[in-house]
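Asker: Structure file model_12.cif (mmCIF, C-alpha atoms and all ligand atoms) right here:
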```
data_data
loop_
_atom_site.label_atom_id
_atom_site.label_comp_id
_atom_site.auth_asym_id
_atom_site.auth_seq_id
_atom_site.Cartn_x
_atom_site.Cartn_y
_atom_site.Cartn_z
CA MET A 89 -7.80 -7.59 11.65
CA SER A 90 -8.71 -4.41 9.82
CA SER A 91 -6.47 -1.46 9.16
CA ALA A 92 -8.07 1.63 10.64
CA HIS A 93 -5.73 4.07 8.97
CA ASN A 94 -5.42 4.71 5.32
CA HIS A 95 -2.73 3.12 3.18
CA ARG A 96 -3.45 5.18 0.08
CA PHE A 97 -0.10 6.93 0.48
CA SER A 98 2.76 5.87 2.71
CA ILE A 99 6.41 6.70 3.09
CA ALA A 100 8.65 3.63 2.99
CA PRO A 101 10.74 2.40 5.89
CA MET A 102 14.31 3.53 5.19
CA LEU A 103 17.22 2.78 7.51
CA ASP A 104 19.01 5.91 8.65
CA TRP A 105 16.56 8.09 6.70
CA THR A 106 13.06 7.77 8.12
CA ASP A 107 14.00 8.40 11.72
CA ARG A 108 11.70 10.28 14.05
CA HIS A 109 13.02 13.68 12.92
CA TYR A 110 12.29 12.99 9.29
CA ARG A 111 8.89 11.61 10.22
CA TYR A 112 8.09 14.70 12.25
CA MET A 113 8.81 16.84 9.19
CA ALA A 114 6.78 14.57 6.93
CA ARG A 115 3.85 14.80 9.31
CA ALA A 116 4.11 18.58 9.40
CA MET A 117 3.55 18.45 5.63
CA SER A 118 0.81 15.83 5.42
CA LYS A 119 -1.97 14.76 7.76
CA HIS A 120 -2.88 11.62 5.88
CA THR A 121 0.40 10.01 4.87
CA LEU A 122 1.14 6.80 6.72
CA LEU A 123 4.69 6.85 8.06
CA TYR A 124 6.93 3.84 8.58
CA THR A 125 9.89 3.71 10.92
CA GLU A 126 13.27 2.45 9.86
CA MET A 127 13.55 -1.30 10.30
CA VAL A 128 14.27 -2.19 13.92
CA THR A 129 15.44 -5.71 14.69
CA THR A 130 13.90 -7.75 17.44
CA GLY A 131 17.42 -8.18 18.86
CA ALA A 132 17.87 -4.42 19.19
CA ILE A 133 14.51 -4.03 20.91
CA LEU A 134 14.86 -6.95 23.29
CA PHE A 135 18.57 -6.80 24.06
CA GLY A 136 19.80 -3.39 22.90
CA LYS A 137 20.84 -0.64 25.27
CA GLY A 138 19.01 2.26 23.61
CA ASP A 139 15.32 2.96 23.23
CA TYR A 140 14.60 1.83 19.70
CA LEU A 141 10.88 2.43 19.90
CA GLY A 142 10.77 6.16 20.60
CA PHE A 143 8.69 8.42 18.38
CA ASN A 144 6.94 11.78 18.59
CA GLU A 145 3.24 11.79 19.42
CA GLU A 146 2.67 14.02 16.38
CA GLU A 147 3.74 11.24 14.04
CA HIS A 148 0.50 9.22 14.06
CA PRO A 149 -0.39 7.28 12.07
CA VAL A 150 2.97 5.59 12.35
CA ALA A 151 3.89 1.97 11.71
CA LEU A 152 6.85 0.18 13.24
CA GLN A 153 8.82 -2.00 10.88
CA LEU A 154 10.37 -5.02 12.51
CA GLY A 155 13.20 -7.20 11.29
CA GLY A 156 13.24 -10.72 12.64
CA SER A 157 12.06 -14.27 12.08
CA ASP A 158 11.57 -15.72 15.53
CA PRO A 159 7.83 -15.79 16.21
CA LYS A 160 8.31 -15.53 19.97
CA ALA A 161 10.67 -12.57 19.80
CA LEU A 162 8.44 -10.85 17.25
CA ALA A 163 5.41 -11.35 19.47
CA GLU A 164 7.26 -9.83 22.43
CA CYS A 165 8.25 -6.83 20.32
CA ALA A 166 4.72 -6.48 18.98
CA VAL A 167 3.36 -6.22 22.51
CA LEU A 168 5.93 -3.54 23.37
CA ALA A 169 5.13 -1.66 20.16
CA GLN A 170 1.42 -1.68 20.87
CA GLN A 171 2.04 -0.47 24.42
CA ARG A 172 4.10 2.40 23.05
CA GLY A 173 1.23 3.41 20.79
CA TYR A 174 2.27 2.35 17.31
CA ASP A 175 -0.59 2.11 14.85
CA GLU A 176 0.67 -0.90 12.90
CA ILE A 177 3.47 -3.43 12.90
CA ASN A 178 5.12 -4.36 9.65
CA LEU A 179 7.48 -7.24 9.02
CA ASN A 180 10.41 -6.69 6.69
CA VAL A 181 10.42 -9.41 4.03
CA GLY A 182 12.19 -7.30 1.43
CA CYS A 183 15.64 -6.32 2.61
CA PRO A 184 18.42 -8.28 0.86
CA SER A 185 21.50 -7.15 2.81
CA ASP A 186 23.99 -9.81 3.92
CA ARG A 187 23.66 -8.78 7.53
CA VAL A 188 19.95 -9.35 7.37
CA GLN A 189 20.33 -12.71 5.60
CA ASN A 190 22.74 -13.88 8.28
CA GLY A 191 20.02 -13.16 10.79
CA ARG A 192 17.68 -15.13 8.51
CA PHE A 193 15.24 -12.32 7.99
CA GLY A 194 14.39 -9.73 5.37
CA ALA A 195 13.91 -10.79 1.74
CA CYS A 196 15.22 -14.34 2.23
CA LEU A 197 12.05 -15.02 4.24
CA MET A 198 10.10 -15.00 0.98
CA GLY A 199 11.49 -18.51 0.58
CA GLU A 200 9.89 -19.56 3.88
CA PRO A 201 6.25 -18.54 3.63
CA GLN A 202 5.14 -20.83 6.45
CA LEU A 203 7.67 -19.29 8.81
CA VAL A 204 6.44 -15.81 7.84
CA ALA A 205 2.87 -16.99 8.45
CA ASP A 206 3.91 -18.28 11.89
CA CYS A 207 5.61 -14.98 12.70
CA MET A 208 2.59 -12.96 11.64
CA LYS A 209 0.18 -15.18 13.54
CA ALA A 210 2.32 -14.97 16.66
CA MET A 211 2.09 -11.18 16.50
CA ALA A 212 -1.56 -11.02 15.49
CA ASP A 213 -2.46 -13.24 18.45
CA VAL A 214 -1.07 -10.78 20.98
CA VAL A 215 -1.95 -7.33 19.59
CA ASP A 216 -5.03 -5.54 18.27
CA ILE A 217 -3.25 -3.27 15.83
CA PRO A 218 -2.81 -4.48 12.24
CA VAL A 219 0.20 -6.61 11.42
CA THR A 220 1.36 -6.22 7.83
CA VAL A 221 4.09 -7.42 5.49
CA LYS A 222 6.44 -5.63 3.11
CA SER A 223 7.89 -7.97 0.53
CA ARG A 224 9.35 -8.19 -2.94
CA ILE A 225 7.81 -9.99 -5.92
CA GLY A 226 10.36 -12.80 -5.66
CA ILE A 227 13.93 -13.74 -4.81
CA ASP A 228 16.69 -15.14 -7.01
CA ASP A 229 15.26 -17.72 -9.38
CA GLN A 230 12.10 -17.99 -7.36
CA ASP A 231 10.45 -15.29 -9.36
CA SER A 232 7.36 -16.85 -10.91
CA TYR A 233 3.93 -15.39 -10.31
CA GLN A 234 2.97 -18.71 -8.74
CA PHE A 235 5.77 -18.29 -6.19
CA LEU A 236 4.41 -14.87 -5.27
CA THR A 237 0.81 -16.02 -4.96
CA ASP A 238 1.86 -19.02 -2.86
CA PHE A 239 3.67 -16.64 -0.52
CA ILE A 240 0.80 -14.16 -0.27
CA GLY A 241 -1.77 -16.97 0.02
CA THR A 242 0.07 -18.71 2.87
CA VAL A 243 0.75 -15.52 4.79
CA SER A 244 -2.73 -14.08 4.35
CA GLU A 245 -4.18 -17.28 5.80
CA ALA A 246 -2.39 -16.33 9.02
CA GLY A 247 -4.60 -13.26 9.23
CA VAL A 248 -2.56 -10.66 7.35
CA ASN A 249 -4.67 -8.51 5.09
CA LEU A 250 -2.25 -5.82 4.05
CA PHE A 251 0.79 -6.32 1.89
CA THR A 252 3.12 -3.73 0.51
CA VAL A 253 4.97 -5.15 -2.45
CA HIS A 254 8.19 -3.70 -3.82
CA ALA A 255 7.60 -4.52 -7.47
CA ARG A 256 11.01 -6.02 -8.20
CA LYS A 257 12.65 -9.19 -7.05
CA ALA A 258 15.79 -9.26 -4.92
CA TRP A 259 19.00 -11.08 -5.76
CA LEU A 260 20.26 -12.42 -2.47
CA GLN A 261 23.84 -12.87 -3.72
CA GLY A 262 26.04 -10.56 -5.69
CA LEU A 263 24.10 -7.31 -5.52
CA SER A 264 24.38 -4.65 -2.84
CA PRO A 265 21.15 -3.44 -1.23
CA LYS A 266 21.44 -0.28 -3.34
CA GLU A 267 21.83 -2.28 -6.55
CA ASN A 268 18.90 -4.40 -5.46
CA ARG A 269 16.79 -1.25 -5.54
CA GLU A 270 17.86 -0.46 -9.08
CA ILE A 271 18.92 -3.46 -11.13
CA PRO A 272 16.12 -6.04 -10.96
CA PRO A 273 13.45 -4.62 -13.28
CA LEU A 274 10.20 -3.25 -11.91
CA ASP A 275 7.13 -5.31 -12.75
CA TYR A 276 4.10 -3.30 -11.76
CA PRO A 277 1.56 -5.45 -13.67
CA ARG A 278 2.49 -8.37 -11.45
CA VAL A 279 1.40 -6.42 -8.38
CA TYR A 280 -1.81 -5.31 -10.14
CA GLN A 281 -2.51 -8.96 -10.89
CA LEU A 282 -2.07 -9.77 -7.24
CA LYS A 283 -4.81 -7.31 -6.35
CA ARG A 284 -7.09 -8.89 -8.96
CA ASP A 285 -6.42 -12.38 -7.58
CA PHE A 286 -6.71 -11.35 -3.93
CA PRO A 287 -9.36 -8.61 -4.07
CA GLU A 288 -10.06 -8.93 -0.34
CA LEU A 289 -6.50 -7.90 0.55
CA THR A 290 -5.24 -4.34 0.75
CA ILE A 291 -2.33 -4.15 -1.65
CA SER A 292 0.10 -1.27 -1.69
CA ILE A 293 2.68 -0.94 -4.44
CA ASN A 294 6.23 0.28 -4.01
CA GLY A 295 9.27 0.95 -6.18
CA GLY A 296 10.32 3.78 -8.47
CA ILE A 297 7.33 6.04 -7.88
CA THR A 298 8.38 9.67 -8.14
CA ASP A 299 5.30 11.81 -8.78
CA PHE A 300 1.56 12.02 -8.31
CA GLU A 301 0.68 11.22 -11.91
CA GLN A 302 2.37 7.86 -11.45
CA ALA A 303 0.80 7.44 -8.02
CA LYS A 304 -2.69 8.06 -9.39
CA ALA A 305 -2.12 5.65 -12.25
CA HIS A 306 -1.14 2.93 -9.76
CA LEU A 307 -4.15 3.69 -7.58
CA ALA A 308 -6.40 2.66 -10.47
CA HIS A 309 -5.08 -0.88 -9.91
CA VAL A 310 -4.11 -1.18 -6.26
CA ASP A 311 -5.14 0.29 -2.91
CA GLY A 312 -2.05 2.20 -1.99
CA VAL A 313 1.30 3.54 -3.08
CA MET A 314 4.41 3.59 -0.93
CA VAL A 315 7.14 6.03 -1.87
CA GLY A 316 10.70 5.78 -0.59
CA ARG A 317 13.63 7.63 -2.08
CA GLU A 318 11.68 10.43 -3.73
CA ALA A 319 9.89 11.31 -0.49
CA TYR A 320 13.27 11.59 1.19
CA GLN A 321 15.41 13.25 -1.45
CA ASN A 322 12.66 15.61 -2.52
CA PRO A 323 10.71 15.85 0.75
CA TYR A 324 8.57 18.74 -0.38
CA MET A 325 6.58 16.28 -2.47
CA VAL A 326 4.98 15.18 0.81
CA ALA A 327 3.45 18.66 1.21
CA GLN A 328 1.22 17.92 -1.81
CA VAL A 329 0.00 14.48 -0.80
CA ASP A 330 -3.16 15.60 1.00
CA GLN A 331 -4.25 17.79 -1.91
CA GLU A 332 -3.27 15.36 -4.65
CA LEU A 333 -4.47 12.10 -3.15
CA PHE A 334 -6.82 12.83 -0.27
CA GLY A 335 -9.00 15.60 -1.72
CA GLU A 336 -7.79 18.23 0.74
CA GLN A 337 -8.91 21.65 -0.52
CA GLN A 338 -6.63 23.88 1.52
CA ALA A 339 -3.51 25.11 -0.31
CA SER A 340 -0.40 23.15 0.58
CA MET A 341 2.30 24.77 2.69
CA SER A 342 5.21 26.51 1.04
CA ARG A 343 8.74 25.27 1.52
CA GLU A 344 9.38 28.21 3.82
CA ASP A 345 6.29 27.22 5.83
CA VAL A 346 7.82 23.79 6.31
CA VAL A 347 11.04 25.31 7.64
CA GLU A 348 8.98 27.53 9.94
CA ALA A 349 7.00 24.56 11.21
CA MET A 350 10.23 22.78 12.11
CA LEU A 351 11.74 25.61 14.15
CA PRO A 352 10.02 24.98 17.51
CA TYR A 353 10.76 21.28 17.17
CA ILE A 354 14.42 21.98 16.44
CA GLU A 355 14.56 24.41 19.33
CA ARG A 356 13.29 21.73 21.72
CA HIS A 357 15.76 19.23 20.32
CA LEU A 358 18.67 21.66 20.83
CA ALA A 359 17.47 22.55 24.33
CA ASN A 360 17.58 18.84 25.17
CA GLY A 361 21.20 18.67 24.08
CA GLY A 362 20.55 17.37 20.54
CA ARG A 363 22.64 18.38 17.52
CA LEU A 364 21.26 20.58 14.79
CA ASN A 365 22.37 18.38 11.92
CA HIS A 366 20.46 15.39 13.26
CA ILE A 367 17.37 17.20 12.08
CA THR A 368 18.64 19.41 9.27
CA ARG A 369 20.19 16.47 7.43
CA HIS A 370 16.63 15.53 6.54
CA MET A 371 15.84 19.06 5.39
CA ILE A 372 18.62 19.63 2.88
CA GLY A 373 16.49 18.44 -0.04
CA LEU A 374 13.61 20.75 0.82
CA PHE A 375 14.39 23.30 -1.88
CA GLN A 376 15.46 20.73 -4.46
CA GLY A 377 14.90 21.93 -7.99
CA GLN A 378 14.33 25.51 -6.81
CA ALA A 379 16.50 28.49 -7.59
CA GLY A 380 18.72 28.90 -4.54
CA GLY A 381 18.21 25.27 -3.52
CA ARG A 382 21.89 24.54 -3.87
CA ALA A 383 22.88 27.41 -1.58
CA TRP A 384 20.44 26.10 1.04
CA ARG A 385 21.85 22.61 0.81
CA ARG A 386 25.45 23.78 0.89
CA HIS A 387 25.03 26.06 3.88
CA LEU A 388 23.31 23.39 5.94
CA SER A 389 25.77 20.67 4.94
CA GLU A 390 28.77 22.82 5.78
CA ASN A 391 27.57 24.32 9.03
CA ALA A 392 24.87 22.36 10.81
CA HIS A 393 27.24 19.73 12.18
CA LYS A 394 29.49 22.25 13.92
CA PRO A 395 29.44 22.13 17.71
CA GLY A 396 27.02 24.68 19.09
CA ALA A 397 25.26 25.22 15.74
CA GLY A 398 21.80 26.64 16.37
CA LEU A 399 18.80 28.10 14.61
CA GLU A 400 20.93 30.89 13.16
CA VAL A 401 22.36 28.36 10.72
CA ILE A 402 18.89 27.82 9.32
CA GLU A 403 18.24 31.54 9.08
CA GLN A 404 21.53 32.00 7.24
CA ALA A 405 20.74 29.11 4.92
CA LEU A 406 17.37 30.67 4.11
CA ALA A 407 19.02 34.01 3.43
CA GLN A 408 21.57 32.37 1.15
CA MET A 409 18.84 30.49 -0.61
CA GLN A 410 16.93 33.72 -1.21
CA GLN A 411 20.08 35.44 -2.45
CA GLY A 412 20.75 32.53 -4.75
CA ALA A 413 17.18 32.71 -6.04
CA ALA A 414 17.43 36.47 -6.62
CA HIS A 415 20.69 35.98 -8.47
CA ALA A 416 19.17 33.26 -10.63
CA ALA A 417 16.23 35.55 -11.45
CA GLN A 418 18.64 38.31 -12.48
CA VAL A 419 20.59 35.97 -14.71
CA GLN A 420 17.41 34.80 -16.34
CA ALA A 421 16.13 38.33 -16.86
CA LYS A 422 19.45 39.24 -18.49
CA ARG A 423 19.26 36.23 -20.72
CA LYS A 424 15.82 37.27 -21.89
CA ASN A 425 16.83 40.90 -22.31
CA PRO A 426 20.61 41.16 -22.76
CA GLU A 427 20.42 44.97 -22.99
CA ALA A 428 19.04 45.32 -19.46
CA ARG A 429 21.47 46.56 -16.82
CA SER A 430 21.39 45.08 -13.41
C1 LIG A 501 18.45 4.37 2.47
C2 LIG A 501 17.41 3.29 2.35
C3 LIG A 501 17.13 2.49 3.44
C4 LIG A 501 16.14 1.50 3.35
N1 LIG A 501 15.82 0.79 4.47
C5 LIG A 501 14.77 -0.08 4.43
C6 LIG A 501 14.28 -0.70 5.61
O1 LIG A 501 14.76 -0.46 6.72
N2 LIG A 501 13.25 -1.57 5.48
C7 LIG A 501 12.65 -1.84 4.27
O2 LIG A 501 11.70 -2.63 4.19
N3 LIG A 501 13.09 -1.26 3.14
C8 LIG A 501 14.11 -0.37 3.19
N4 LIG A 501 14.49 0.31 2.07
C9 LIG A 501 13.75 0.06 0.81
C10 LIG A 501 12.59 1.04 0.69
O3 LIG A 501 11.66 0.85 1.74
C11 LIG A 501 11.86 0.87 -0.67
O4 LIG A 501 11.30 -0.41 -0.72
C12 LIG A 501 12.79 1.06 -1.86
O5 LIG A 501 13.60 2.21 -1.69
C13 LIG A 501 11.98 1.19 -3.16
O6 LIG A 501 11.10 2.29 -3.11
P1 LIG A 501 11.47 3.69 -3.86
O7 LIG A 501 11.82 3.35 -5.28
O8 LIG A 501 10.24 4.53 -3.75
O9 LIG A 501 12.65 4.25 -3.14
C14 LIG A 501 15.46 1.28 2.12
C15 LIG A 501 15.76 2.10 1.03
C16 LIG A 501 16.72 3.10 1.13
C17 LIG A 501 17.00 3.99 -0.06
#
```
What does this structure look like when you write it as structure tokens?
Ligand SMILES: Cc1cc2nc3c(=O)[nH]c(=O)nc-3n(C[C@H](O)[C@H](O)[C@H](O)COP(=O)(O)O)c2cc1C
Answerer:
Amino acid sequence: MSSAHNHRFSIAPMLDWTDRHYRYMARAMSKHTLLYTEMVTTGAILFGKGDYLGFNEEEHPVALQLGGSDPKALAECAVLAQQRGYDEINLNVGCPSDRVQNGRFGACLMGEPQLVADCMKAMADVVDIPVTVKSRIGIDDQDSYQFLTDFIGTVSEAGVNLFTVHARKAWLQGLSPKENREIPPLDYPRVYQLKRDFPELTISINGGITDFEQAKAHLAHVDGVMVGREAYQNPYMVAQVDQELFGEQQASMSREDVVEAMLPYIERHLANGGRLNHITRHMIGLFQGQAGGRAWRRHLSENAHKPGAGLEVIEQALAQMQQGAAHAAQVQAKRKNPEARS
């Protein structure tokens, strides 16, 4: 089972965040980034009323992340996912939420490596696309390096050759999922060691990566980096991925170019009866750190959810952003030269 697409840079699966609208925007900014869906449970796919597998053709390469621990159900979902055209199927072995633990999947599965191996084999037997795992480095007191290598060893024997490892353990009791992304300390060297001990595996590292200097430093030790929160809260970072990590020579798009690229997509969405804020909620961080960025964010947050809101809200937000930027430039010029009159 080889992975045809590149894992050098991927955007993490994030519930409620990396939906198909966000992924469409990310793809508009980067050809090479591998995109992951939000986690979708086998129960939702097999018994839910909605279509949980929908995505835009433009999103490729796109990996579906599944939540589940029943090999048969996972295999059924894997077949459906392959039929729909996903490029990879990933099993969530990292989420610590109570809801997920009750369903006996997510991070608690790190304690059941043979079950994970059975799940992965069941999927690998019925599809041709790669099946991969996203895990932590440990759970609760099971946090030794030996525990991690036993897990990876057992699961890789089932035919998995790509692991993304969130470089902190999860506490299954007492911490919220958010705290579990912040409190257990990051241990990057442990993931580097994994790559040294399993050189034949593709290892991608995840957790706390916020810029390309860090990403490049990790890539000296592992095969890929996966970025979550930063790629969402500061989405414009994705516009530099191809240049920074894939040797693309062409200049990256501007933030305004990204907005422009989204307009036809938004128009189609609105024409199909969709709401503006379902897309713009992923765009509010686009001008983060820029003069006028706050005005952009505020205008979208206050107006895009209103019934009937259309593209004019984006135009107004851009205008407000530009005004805000011009004002900031004036203030700065005055600060430099207090005598100047505006
Ligand atoms: C809002 C949110 C939702 C998340 N949902 C998922 C999920 O569905 N599946 C998963 O494996 N991890 C999920 N995660 C964890 C991320 O994939 C990632 O492992 C974590 O945020 C650490 O990476 P980062 O420091 O780059 O954000 C989620 C994280 C956030 C912030």
Asker: Which one of A:Glu318, A:Glu288, A:Glu146, A:Asp311 sits closest to Lys119 (chain A) if you count all atoms listed in the file?
Answerer: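 Selected residue with least distance to Lys119 (chain A): A:Glu146.
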Asker: Counting only C-alpha atoms and all ligand atoms, figure out which residue out of A:His309, A:Arg115, A:Arg256, A:Arg369 gets nearest to ligand LIG 501 (chain A).
Answerer: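 The shortest atom-to-atom distance to ligand LIG 501 (chain A) comes from A:Arg256.
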Asker: Hey, which residues sit close to ligand LIG 501 (chain A)? Say within 8 Å, counting all atoms listed in the file, and write them as an MDAnalysis selection string.
Answerer: chainID A and resid 99:105 125:128 153 179:183 194 222:223 254 266 269 294:298 314:319
Asker: For His93 (chain A), please output as a ChimeraX atom specification all residues within 12 Å (counting only C-alpha atoms; exclusion window: fewer than 6 positions along the same chain).
Answerer: /A:119-123,148-151,174-176,217-218,250,290,312
Asker: Residues within 8 Å of His393 (chain A), please, as a PyMOL selection string. Count all atoms listed in the file; anything in the same chain fewer than 5 positions from it doesn't count.
Answerer: chain A and resi 363-365
Asker: One decimal, in Å: what's the spacing between CA of Arg224 (chain A) and CA of Val253 (chain A)?
Answerer: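 Pair CA of Arg224 (chain A) / CA of Val253 (chain A) returns 5.4 Å.
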Asker: Taking 5 positions as the minimum chain separation for residues in the same chain, which residues sit within 10 Å of Asp158 (chain A) when counting all atoms listed in the file? Answer as a list in words.
Answerer: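 Neighbouring residues, sequence-local ones excluded: Thr130, Ala163, Arg192, Phe193, Leu203, Val204, Asp206, Cys207 and Ala210 of chain A.
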Asker: Any chance you can output those residues with C-alpha atoms as a PDB file, in the frame of the given file?
Answerer:
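Now in out25.pdb:
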```pdb
ATOM      1  CA  THR A 130      13.900  -7.750  17.440  1.00  0.00           C
ATOM      2  CA  ALA A 163       5.410 -11.350  19.470  1.00  0.00           C
ATOM      3  CA  ARG A 192      17.680 -15.130   8.510  1.00  0.00           C
ATOM      4  CA  PHE A 193      15.240 -12.320   7.990  1.00  0.00           C
ATOM      5  CA  LEU A 203       7.670 -19.290   8.810  1.00  0.00           C
ATOM      6  CA  VAL A 204       6.440 -15.810   7.840  1.00  0.00           C
ATOM      7  CA  ASP A 206       3.910 -18.280  11.890  1.00  0.00           C
ATOM      8  CA  CYS A 207       5.610 -14.980  12.700  1.00  0.00           C
ATOM      9  CA  ALA A 210       2.320 -14.970  16.660  1.00  0.00           C
TER      10      ALA A 210
END
```
Asker: Please report the interatomic distance between CA of His306 (chain A) and CA of Thr220 (chain A) in Å with one decimal.
Answerer: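 Between CA of His306 (chain A) and CA of Thr220 (chain A) the gap works out to 20.0 Å.
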Asker: Could you tell me how far CA of Tyr320 (chain A) lies from CA of Met113 (chain A), in Å and to one decimal?
Answerer: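 These atoms are spaced 10.6 Å apart.
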Asker: Calculated over only C-alpha atoms, which of the candidates A:Val313, A:Ala413, A:Val347, A:Leu154 has the smallest distance to Ala379 (chain A)?
Answerer: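 Smallest distance to Ala379 (chain A) is found for A:Ala413.
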Asker: Choose the residue, out of A:Gly155, A:Gly241, A:Gly335, A:Pro352, that has the smallest atom-to-atom separation from Leu282 (chain A); count all atoms listed in the file.
Answerer: A:Gly241
